[in-house]
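A.B. asks: Just passing along the structure, written as structure tokens.
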Amino acid sequence: MRARDFRPETKRIVAAITAVAATYAYFLLFAQFGFLKALQIAAAGKQGVMMPVLATMGGAGILGSVLAAFVFTMARARRWLIAGFVVCGGAAGLSLAGTSPGLSFAVAVLIGGGTALVTVTLAGLLWSVLGGWRVGTIIGLGTGLAYGFSSLPGIFDASPIVQAQLSLLVALIGAIAALGLVPGAVARDALDFDCSSPGIALWVLLFLLLVWLDSAAFYGFQRAPSFGGEMWAEKSQLALVAVAHLLAAVLAGVALDRGWLGRTVAVAAAVLVFACVTLANRWLGVANVASIYAAAVSIYSVALVFYAANSRSARVAATVYAAAGWGGSALGIGFAEGRLTVPGWIVAMVAILIAVGVAVRGVLRGRAKMGEGNQW
């Protein structure tokens with residue numbers, strides 16, 4: 001049976017959407033919002049306090065991704081996924097005990113390791129659960145719900161304690177959803193150039209560039225005087241950002257199901273570059289561009305998750321998440337330390353590299369298909 005002829009049970013679809021949404025709602029709400037807010041309050045503006053903790057989180061994420069791929073088996077995937085959500089919930093619960101240096105490092109390790117275990121295991125499991133049926137749309141809906149929920153008024157601007165409590169609940173929901181992710185026995189379609197060694201290397205580079213630019217720009221903008229207030233000040237603005245996240249993610253998922261991976265990433269890069277340049281120069285007003293920036297982040301995030309899941313390999317997923325996700329984020333934040341914006345020439349260089357990378361991928365993929373045809 002081909003993937004397009006198979007339709008999973010409704011409960012599997014709901015479980016998949018819920019698991020994806022829980023994964024990224026937890027990461028956004030706690031790892032990027034609540035925990036970092038608590039660290040900023042504890043640091044009281046002192047330089048050099050947050051970076052070691054963030055580096056520890058990134059290191060744990062990279063190591064956790066490798067270990068998750070090493071222990072992955074389809075038979076045990078659900079148990080590992082539940083264990084990952086339990087670790088994530090433990091990190092959120094432990095953070096409620098305080099923000100002492102030792103405790104902060106422990107929480108950072110649990111966040112990185114738990115999130116890595118969840119993301120890699122979920123990517124390795126998802127295609128089998130869905131049988132390849134509308135994987136992009138389901139990932140888009142789950143990711144969009146996560147981004148949208150995390151951007152809602154009262155959620156995005158909640159206190160670190162409230163965000164940690166919500167994250168604990170989200171991790172519990174994710175663990176429950178994991179019970180419904182039953183692997184199927186659907187025959188696999190042939191994999192193409194994107195999952196060959198050159199294809200994997202190229203996609204890791206492309207996603208690393210996107211994550212790097214996003215992380216560097218966002219970290220700088222958030223620390224710039226008045227930027228954060230202008231971007232997220234009004235409840236109506238937060239609501240628009242939430243809607244932009246959801247719509248962009250779902251549309252990206254639909255496009256990916258049509259086989260438009262290269263085009264989707266190219267659009268994400270173009271919109272992200274436009275948003276970064278416009279925000280840095282304040283050409284259209286910070287508040288007006290916030291939704292555009294949110295849409296770009298959602299599009300490339302869905303593409304990254306889709307690529308990892310569509311590879312049908314936990315090892316490929318671990319490579320993408322470790323190198324492009326954790327590595328790109330760490331490099332971006334490290335670059336942004338001491339800067340408020342990414343220099344325009346660097347943004348232009350990243351845009352050119354991504355454009356060239358997408359073009360090269362198209363050429364190599366076309367040649368690979370021609371070679372397959374010539375075999376017959």
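Ligands are numbered from 1 in the order shown, chains are lettered A, B, ... in the order of the structure tokens, and residues start at 1 in each chain.
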Within 9 Å of range 240-255 of chain A, counting only C-alpha atoms, which residues qualify if same-chain residues fewer than 6 places away don't, as a PyMOL selection string?
C.D. replies: chain A and resi 134-152+232+261+263-264+290-303+306
A.B. asks: Filtering to C-alpha atoms, could you give me those residues as a short mmCIF file (atom, residue, chain, number, x, y, z; two decimals), in the first residue's frame?
C.D. replies:
```cif
data_model
loop_
_atom_site.label_atom_id
_atom_site.label_comp_id
_atom_site.auth_asym_id
_atom_site.auth_seq_id
_atom_site.Cartn_x
_atom_site.Cartn_y
_atom_site.Cartn_z
CA ARG A 134 -0.58 14.36 5.25
CA VAL A 135 2.45 14.46 7.51
CA GLY A 136 3.14 18.07 6.58
CA THR A 137 -0.38 19.28 7.35
CA ILE A 138 -0.43 17.48 10.70
CA ILE A 139 2.98 18.87 11.66
CA GLY A 140 1.89 22.31 10.48
CA LEU A 141 -1.28 22.23 12.54
CA GLY A 142 0.52 20.96 15.66
CA THR A 143 3.39 23.43 15.34
CA GLY A 144 1.02 26.29 14.52
CA LEU A 145 -1.12 25.54 17.57
CA ALA A 146 2.01 25.48 19.73
CA TYR A 147 3.35 28.78 18.43
CA GLY A 148 -0.09 30.37 18.48
CA PHE A 149 -0.85 29.25 22.03
CA SER A 150 2.53 30.43 23.30
CA SER A 151 1.97 33.86 21.74
CA LEU A 152 -1.49 34.49 23.18
CA TRP A 232 4.62 42.61 22.13
CA LEU A 261 10.06 21.52 0.42
CA ARG A 263 9.99 26.35 -2.32
CA THR A 264 8.70 26.42 1.24
CA ALA A 290 6.03 41.36 14.17
CA SER A 291 3.40 39.21 12.46
CA ILE A 292 5.54 38.90 9.33
CA TYR A 293 8.47 37.76 11.43
CA ALA A 294 6.23 35.27 13.25
CA ALA A 295 5.02 33.83 9.95
CA ALA A 296 8.60 33.30 8.74
CA VAL A 297 9.55 31.47 11.93
CA SER A 298 6.53 29.18 11.68
CA ILE A 299 7.19 28.33 8.03
CA TYR A 300 10.80 27.30 8.47
CA SER A 301 10.03 25.51 11.77
CA VAL A 302 7.41 23.33 10.09
CA ALA A 303 9.79 22.60 7.22
CA PHE A 306 8.77 17.83 8.36
#
```
A.B. asks: Could you give me, as a list in words, the residues within 6 Å of range 99-113 of chain A, counting only C-alpha atoms and dropping anything in the same chain fewer than 6 positions from it?
C.D. replies: Val53, Met57, Ala60, Gly61, Gly64, Cys88 and Ala91 of chain A
A.B. asks: Nearest to Leu130 in chain A among A:Ala280, A:Ala25, A:Ala309, A:Val170, with distances taken over only C-alpha atoms: which residue is it?
C.D. replies: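 Once distances to Leu130 in chain A are computed over only C-alpha atoms, the minimum belongs to A:Ala309.
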A.B. asks: Compare A:Ala97, A:Leu181, A:Val316, A:Ile161 by their minimum atom-to-atom distance to Ile200 in chain A, counting only C-alpha atoms, and give me the closest one.
C.D. replies: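 Of A:Ala97, A:Leu181, A:Val316, A:Ile161, the one nearest Ile200 in chain A, counting only C-alpha atoms, is A:Val316.
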A.B. asks: Between A:Asp192, A:Leu122, A:Ala83, A:Ala43, which is the closest to Arg367 in chain A once you count only C-alpha atoms?
C.D. replies: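 Nearest candidate to Arg367 in chain A out of A:Asp192, A:Leu122, A:Ala83, A:Ala43: A:Asp192.
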A.B. asks: Write down as a ChimeraX atom specification the residues belonging to range 26-178 of chain A that are assigned alpha helix (DSSP H) by DSSP computed on the backbone.
C.D. replies: /A:26,35-43,50-71,77-95,101-130,135-150,160-178
A.B. asks: Find, counting only C-alpha atoms, the residue in A:Gly89, A:Thr121, A:Ala266, A:Lys369 that gets nearest to Ala314 in chain A.
C.D. replies: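 Closest to Ala314 in chain A of all the choices is A:Thr121.
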A.B. asks: Pick the closest to Val14 in chain A from A:Met50, A:Leu39, A:Val129, A:Ala75: which is it, counting only C-alpha atoms?
C.D. replies: A:Val129
A.B. asks: Could you give me, as a list in words, the residues within 10 Å of Gly184 in chain A, counting only C-alpha atoms and dropping anything in the same chain fewer than 5 positions from it?
C.D. replies: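 Counting only C-alpha atoms, the residues come to Pro8, Met74, Leu125, Leu126, Trp127, Ser128, Val129, Leu130 and Gly131 of chain A.
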A.B. asks: Generate the output file for the selected residues, N, CA and C atoms, as a CSV table (one decimal), in the first residue's frame.
C.D. replies:
```csv
chain,number,residue,atom,x,y,z
A,8,PRO,N,-4.7,7.0,8.4
A,8,PRO,CA,-4.7,6.4,9.7
A,8,PRO,C,-6.0,6.7,10.5
A,74,MET,N,11.6,1.2,16.8
A,74,MET,CA,10.2,1.4,16.7
A,74,MET,C,9.4,0.8,17.8
A,125,LEU,N,9.2,8.3,14.9
A,125,LEU,CA,8.0,7.6,15.0
A,125,LEU,C,6.9,8.1,14.1
A,126,LEU,N,6.8,9.4,13.8
A,126,LEU,CA,5.7,10.0,13.3
A,126,LEU,C,5.2,9.4,11.9
A,127,TRP,N,6.2,9.2,11.0
A,127,TRP,CA,5.8,8.8,9.7
A,127,TRP,C,5.1,7.4,9.7
A,128,SER,N,5.7,6.5,10.6
A,128,SER,CA,5.1,5.2,10.7
A,128,SER,C,3.7,5.3,11.3
A,129,VAL,N,3.4,6.1,12.3
A,129,VAL,CA,2.1,6.3,12.9
A,129,VAL,C,1.1,6.8,11.8
A,130,LEU,N,1.5,7.7,11.0
A,130,LEU,CA,0.6,8.3,10.0
A,130,LEU,C,0.6,7.6,8.7
A,131,GLY,N,1.6,6.7,8.5
A,131,GLY,CA,1.7,6.1,7.2
A,131,GLY,C,2.0,7.0,6.1
```
A.B. asks: For Ser313 in chain A, which of A:Cys195, A:Leu206, A:Val267, A:Leu36 is the closest residue, counting only C-alpha atoms?
C.D. replies: A:Cys195
A.B. asks: Report, in Å to a single decimal, how far apart CA of Ile176 in chain A and CA of Phe35 in chain A are.
C.D. replies: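 Answer for the CA of Phe35 in chain A to CA of Ile176 in chain A separation: 23.6 Å.
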A.B. asks: Find the residues around Leu208 in chain A up to 9 Å (only C-alpha atoms counted), leave out those fewer than 2 positions away in its own chain, and share them as a compact mmCIF listing (two decimals) with C-alpha atoms, in the first residue's frame.
C.D. replies:
```txt
# COMPACT_ATOMS: atom_id res chain seq x y z
CA TRP A 203 19.63 20.49 4.39
CA VAL A 204 21.48 20.65 7.69
CA LEU A 205 23.39 23.66 6.35
CA LEU A 206 20.21 25.36 5.11
CA LEU A 210 17.81 29.82 9.14
CA VAL A 211 18.00 28.96 12.85
CA TRP A 212 21.19 31.00 13.23
CA LEU A 213 19.67 34.11 11.66
CA VAL A 320 19.21 17.91 11.96
CA ALA A 323 23.52 20.51 14.28
CA ALA A 324 20.90 22.86 12.85
CA GLY A 325 18.55 23.23 15.84
CA TRP A 326 20.72 23.29 18.93
CA GLY A 327 23.94 24.23 17.14
CA GLY A 328 22.38 26.99 15.05
CA SER A 329 20.60 28.45 18.05
```
A.B. asks: Residues at most 8 Å from Val86 in chain A, counting only C-alpha atoms, excluding those fewer than 6 positions away in the same chain, as an MDAnalysis selection string?
C.D. replies: chainID A and resid 114 171:172 175
A.B. asks: Atoms to include: C-alpha atoms. Write the selected residues as a PDB file, in the first residue's frame.
C.D. replies:
```pdb
ATOM      1  CA  GLY A 114      14.317  15.907  27.616  1.00  0.00           C
ATOM      2  CA  ALA A 171       4.390  17.888  29.185  1.00  0.00           C
ATOM      3  CA  LEU A 172       1.722  15.750  30.864  1.00  0.00           C
ATOM      4  CA  ALA A 175       2.945  12.026  27.558  1.00  0.00           C
TER       5      ALA A 175
END
```
